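Asks: The following block contains the structure, expressed as structure tokens.
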Amino acid sequence: MSDSVSIPEKLFVNTAPKVRHVAYLTSEYARASDTFIRNEVRELRNQACDVHTFSIRRPRERNLSEDVAAEQATTFYLLEHPLQMIAATLTMIVIRPMRFMKACGLLLRLLRERRSAVVRHAFYLMEACLLARCLRKRDVQWLHNHIAENSAAVAMLTSALCGVPYSMTVHGPGIFFHPRQQSLGLKIQHSAFTACITEFCRSQCMIFCHRSDWHRLKIVRCAVGPEFVENEIMPIPETKQLVCVGRLCPEKGHLLLLRATKRLVEAGLNPRILLIGDGELRSEIEAYVDSHRLHDNVTIMGWQSSEVVSAQLKASRALVMASFAEGLPVVCMESLALGRPVLATRIAGIPELIEPEVNGWLVTPACEESLVTALRELLSTPVDRLREMGAAGREKVLRLHNAKHEASMLLSLFGTGG
């Protein structure tokens, strides 16, 4: 199978009115785990779109990679300018009283679901006033939000204050844990459009918004960066190394993966599992590795750059994920783009990408037996067969998760208002 996919050039032709000044807003930008947003911003800029990045707060991560540090250096952090927030709010009350009252009306609707968060929502309004002023100064034509939680509320209020239309990308799973508390339906209603990264994501949004707003829900998929698609597939080595990439948090199922690994070690299969990522469960995961003497089989690498992730995937047999909740992990796309099959749970949008016996394995979530069985099969599958699966996965990623195509689609939606 070919390592590349020819996509008709007409798919990239954007005939919509040109929107050249766009603002992106998230709660914490840029983080090491936000590769999907950075990929999107980079490709929009490649297509001659001037993207201004804003964030509610600065991430607390240290030891940043060059690309993350570069994005942070050009991002405006709203909470780092409290005096400007106050001044912008007072100015908005005086010169745009009707727009300010409209935003206050939306704020009250947000508070219906979160009455205990009055102070927090007052800050949302002040942040929105400052952001509205920034958008006017930079002649921004469109505001787009990623992760439709608290920062999406600020985006919605900003749009009401300054008239710049806003849209948002919904990922999951977090927003679907508390969709009513986060006023998901209200945010969709007031968006020009809402981008959903998978069909599953769109189905969940349809539950929590009125059917008259279903037309606002568009599929715009995440895409992989050029470092994962511009090179030829490297041969899969004869190794038992497997990589798991993701935050060390309860929904990622790391402890279940370790229990399955322990059983494989006891059976003499001796796999090597690399855990790339960090988070609140790190100490518990380290304690499990210590107590079950899995030091020779499990390595916790912490957060790593895209280059390190790419190198470790190339040196491995496959990517494995035992998640209990997901959207559609970009690392699954990255692994397939490098020609490495994926073993993951049959949840959310993952089955839209991973096809059993074609480019990977799907296991029953929370089922240790299902995970152990699939891992045994993965470790015993001949390398030639793994290469065929990896090539099939790469073809699908380049077809469905092409950065140029998805950015072109976004620009078209910006130009037509959804």
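The chains in the structure tokens are called A, B, ... from first to last as shown; in each chain the residues are counted from 1, and the ligands are counted from 1 in the order shown.
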Residues within 12 Å of Gln141 (chain A), please, as a list of chain:residue names. Count only C-alpha atoms; anything in the same chain fewer than 4 positions from it doesn't count.
Replies: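 Those residues are A:Pro17, A:Lys18, A:Val19, A:Arg20, A:His21, A:Val22, A:Ala23, A:Tyr24, A:Cys49, A:Asp50, A:Val51, A:His52, A:Ala132, A:Cys134, A:Leu135, A:Arg136, A:Lys137, A:Ser159, A:Cys162, A:Gly163, A:Val164, A:Pro165, A:Tyr166, A:Ser167, A:Leu411, A:Phe414, A:Gly415, A:Gly417.
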Asks: Generate the output file for the selected residues, N, CA and C atoms, as a compact mmCIF listing (two decimals), in the first residue's frame.
Replies:
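What landed in again-v8.txt:
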# COMPACT_ATOMS: atom_id res chain seq x y z
N PRO A 17 -16.17 33.84 1.15
CA PRO A 17 -15.51 35.14 1.40
C PRO A 17 -14.33 34.95 2.35
N LYS A 18 -13.24 35.67 2.08
CA LYS A 18 -12.01 35.47 2.84
C LYS A 18 -12.10 36.11 4.22
N VAL A 19 -11.82 35.32 5.25
CA VAL A 19 -11.68 35.82 6.61
C VAL A 19 -10.21 35.67 6.95
N ARG A 20 -9.52 36.78 7.08
CA ARG A 20 -8.06 36.74 7.22
C ARG A 20 -7.58 37.07 8.62
N HIS A 21 -8.44 37.54 9.49
CA HIS A 21 -8.02 37.87 10.85
C HIS A 21 -8.92 37.11 11.83
N VAL A 22 -8.36 36.08 12.43
CA VAL A 22 -9.11 35.17 13.31
C VAL A 22 -8.44 35.13 14.67
N ALA A 23 -9.24 35.08 15.72
CA ALA A 23 -8.73 34.91 17.08
C ALA A 23 -9.08 33.52 17.59
N TYR A 24 -8.13 32.88 18.23
CA TYR A 24 -8.36 31.59 18.87
C TYR A 24 -8.29 31.78 20.38
N CYS A 49 -3.97 32.91 6.75
CA CYS A 49 -4.91 33.44 7.75
C CYS A 49 -4.09 33.94 8.94
N ASP A 50 -4.36 35.16 9.36
CA ASP A 50 -3.66 35.76 10.49
C ASP A 50 -4.37 35.32 11.77
N VAL A 51 -3.77 34.41 12.53
CA VAL A 51 -4.40 33.85 13.73
C VAL A 51 -3.77 34.47 14.97
N HIS A 52 -4.60 35.14 15.78
CA HIS A 52 -4.17 35.71 17.05
C HIS A 52 -4.62 34.76 18.16
N ALA A 132 -12.91 41.58 23.98
CA ALA A 132 -13.63 42.35 22.96
C ALA A 132 -12.81 43.56 22.52
N CYS A 134 -9.54 43.82 22.67
CA CYS A 134 -8.39 43.32 21.90
C CYS A 134 -8.79 42.97 20.47
N LEU A 135 -9.96 42.37 20.32
CA LEU A 135 -10.41 41.99 18.98
C LEU A 135 -10.63 43.22 18.10
N ARG A 136 -11.20 44.27 18.68
CA ARG A 136 -11.43 45.49 17.91
C ARG A 136 -10.10 46.12 17.50
N LYS A 137 -9.14 46.17 18.42
CA LYS A 137 -7.85 46.77 18.11
C LYS A 137 -7.11 46.01 17.01
N SER A 159 -18.56 37.78 21.96
CA SER A 159 -19.30 37.98 20.72
C SER A 159 -20.49 38.92 20.94
N CYS A 162 -19.05 42.63 21.31
CA CYS A 162 -18.41 43.36 20.21
C CYS A 162 -18.98 43.02 18.84
N GLY A 163 -19.85 42.02 18.75
CA GLY A 163 -20.47 41.70 17.48
C GLY A 163 -19.64 40.81 16.58
N VAL A 164 -18.43 40.44 16.99
CA VAL A 164 -17.62 39.49 16.21
C VAL A 164 -18.22 38.10 16.38
N PRO A 165 -18.59 37.40 15.31
CA PRO A 165 -19.19 36.08 15.46
C PRO A 165 -18.20 35.08 16.07
N TYR A 166 -18.75 34.13 16.81
CA TYR A 166 -17.88 33.12 17.41
C TYR A 166 -18.35 31.73 17.03
N SER A 167 -17.40 30.82 17.01
CA SER A 167 -17.65 29.39 16.82
C SER A 167 -16.82 28.64 17.84
N LEU A 411 -11.85 27.57 7.28
CA LEU A 411 -11.86 28.88 6.64
C LEU A 411 -13.14 29.11 5.86
N PHE A 414 -15.78 29.91 8.40
CA PHE A 414 -15.62 31.28 8.87
C PHE A 414 -16.18 32.26 7.84
N GLY A 415 -15.90 31.97 6.57
CA GLY A 415 -16.30 32.89 5.51
C GLY A 415 -17.78 32.94 5.26
N GLY A 417 -20.05 31.99 7.64
CA GLY A 417 -20.79 32.11 8.90
C GLY A 417 -21.40 30.80 9.34
Asks: Give me the residues near region 202-214 of chain A as a PyMOL selection string, where near means some atom within 9 Å (using only C-alpha atoms) and where sequence neighbours in that chain fewer than 2 positions away do not count.
Replies: chain A and resi 170+176+179-180+183-189+195-200+216-219
Asks: Under the rule of at most 7 Å, produce a per-residue listing of region 122-225 of chain A near region 72-89 of chain A: chain, number, name, the closest pair of atoms, and the distance in Å, as a Markdown table, using only C-alpha atoms.
Replies:
| residue | atom | partner | partner_atom | distance |
| --- | --- | --- | --- | --- |
| A:Met126 | CA | A:Met85 | CA | 5.6 |
| A:Glu127 | CA | A:Met85 | CA | 6.1 |
| A:Cys129 | CA | A:Thr89 | CA | 5.3 |
| A:Leu130 | CA | A:Met85 | CA | 5.1 |
| A:Arg133 | CA | A:Ala88 | CA | 6.8 |
Asks: So, with only C-alpha atoms as the atoms that count, which of A:His144, A:Lys102, A:Arg109, A:Lys240 lies closest to Glu377 (chain A)?
Replies: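 Closest candidate: A:Lys240.
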Asks: Can you work out which one of A:Leu111, A:Leu274, A:Ala160, A:Val224 has the shortest atom-to-atom distance to Met92 (chain A), counting only C-alpha atoms?
Replies: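 Once distances to Met92 (chain A) are computed over only C-alpha atoms, the minimum belongs to A:Ala160.
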Asks: Could you give me the residues within region 19-170 of chain A that DSSP places in alpha helix (DSSP H), as a VMD selection string?
Replies: chain A and resid 35 to 46 66 to 73 82 to 95 97 to 111 118 to 137 150 to 162
Asks: What does the distance between CA of Ala155 (chain A) and CA of Leu143 (chain A) come to in Å, to one decimal place?
Replies: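 It comes out at 7.1 Å.
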Asks: Check the DSSP output for the backbone and give back, as an NGL selection string, the residues of region 117-360 of chain A in strand (DSSP E or B).
Replies: :A and (142-146 or 166-170 or 194-196 or 217-219 or 241-245 or 272-277 or 298-302 or 318-320 or 342-345 or 356 or 360)
Asks: What lies within 8 Å of Gln304 (chain A) using only C-alpha atoms, ignoring chain neighbours under 3 positions off, as a list in words?
Replies: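 Contacts, in chain order: Ala32, Ile276, Gly277, Met301, Glu307, Val308 and Val309 of chain A.
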Asks: Hey, which of A:Thr194, A:Ser306, A:Asn402, A:Ser370 ends up closest to Glu66 (chain A)? Count only C-alpha atoms.
Replies: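 Among A:Thr194, A:Ser306, A:Asn402, A:Ser370, it is A:Ser306 that comes nearest to Glu66 (chain A).
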Asks: Please report the interatomic distance between CA of Gly360 (chain A) and CA of Leu328 (chain A) in Å with one decimal.
Replies: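 Pair CA of Gly360 (chain A) / CA of Leu328 (chain A) returns 14.7 Å.
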Asks: For Val243 (chain A), which residue among A:Ala318, A:Arg263, A:Ile175, A:Leu257 is the nearest when counting only C-alpha atoms?
Replies: A:Ala318
Asks: Select, from A:Ala407, A:Asn150, A:Ser305, A:Leu336, the residue with the minimum atom-to-atom distance to Arg114 (chain A), counting only C-alpha atoms.
Replies: A:Asn150
Asks: Tell me which protein, DNA and RNA residues are within 8 Å of Pro365 (chain A), counting only C-alpha atoms, leaving out same-chain ones fewer than 6 positions away, and put them as a PyMOL selection string.
Replies: chain A and resi 322-324+345-347
Asks: Could the residues in this selection be saved with C-alpha atoms as a compact mmCIF listing (two decimals), in the first residue's frame?
Replies:
# COMPACT_ATOMS: atom_id res chain seq x y z
CA ALA A 322 -7.04 1.40 27.75
CA SER A 323 -9.15 4.56 28.13
CA PHE A 324 -12.56 4.68 29.82
CA THR A 345 -11.04 0.73 23.67
CA ARG A 346 -14.32 0.67 21.75
CA ILE A 347 -15.58 4.04 22.96
Asks: Pick out the closest residue to Asp384 (chain A) from this set: A:Arg115, A:Arg317, A:His178, A:Arg272. Count only C-alpha atoms.
Replies: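 Result for the nearest residue to Asp384 (chain A): A:Arg317.
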Asks: Take CA of Leu379 (chain A) and CA of Pro341 (chain A) and report the distance between them in Å, one decimal.
Replies: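 Separating CA of Leu379 (chain A) from CA of Pro341 (chain A) is a distance of 11.7 Å.
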Asks: When you look at Val118 (chain A) with a cut-off of 10 Å (counting only C-alpha atoms), what residues show up, excluding the ones that are within fewer than 6 positions of it in the same chain? I need them as a list in words.
Replies: Leu107, Leu108, Leu110, Leu111 and Tyr124 of chain A
Asks: Can you tell me which residues surround Arg293 (chain A) at a distance of at most 12 Å, considering only C-alpha atoms, apart from same-chain residues fewer than 3 positions away, and format the answer as a PyMOL selection string?
Replies: chain A and resi 258+261-262+265-266+286-290+296-299
Asks: Please, could you write that set of residues out with C-alpha atoms as a PDB file, in the first residue's frame?
Replies:
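Written file, again.pdb:
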ATOM      1  CA  LEU A 258      -0.739  -2.163  34.235  1.00  0.00           C
ATOM      2  CA  THR A 261       0.764  -6.031  31.796  1.00  0.00           C
ATOM      3  CA  LYS A 262       1.353  -7.836  35.099  1.00  0.00           C
ATOM      4  CA  VAL A 265       4.670 -10.756  32.529  1.00  0.00           C
ATOM      5  CA  GLU A 266       3.514 -13.648  34.718  1.00  0.00           C
ATOM      6  CA  GLU A 286       4.558   4.532  40.292  1.00  0.00           C
ATOM      7  CA  ALA A 287       3.423   2.802  43.494  1.00  0.00           C
ATOM      8  CA  TYR A 288       1.777   0.018  41.466  1.00  0.00           C
ATOM      9  CA  VAL A 289       4.940  -0.485  39.411  1.00  0.00           C
ATOM     10  CA  ASP A 290       7.002  -0.617  42.633  1.00  0.00           C
ATOM     11  CA  ASP A 296      11.831  -3.881  33.863  1.00  0.00           C
ATOM     12  CA  ASN A 297       8.550  -3.774  31.970  1.00  0.00           C
ATOM     13  CA  VAL A 298       7.095  -0.297  32.584  1.00  0.00           C
ATOM     14  CA  THR A 299       8.832   3.043  32.076  1.00  0.00           C
TER      15      THR A 299
END
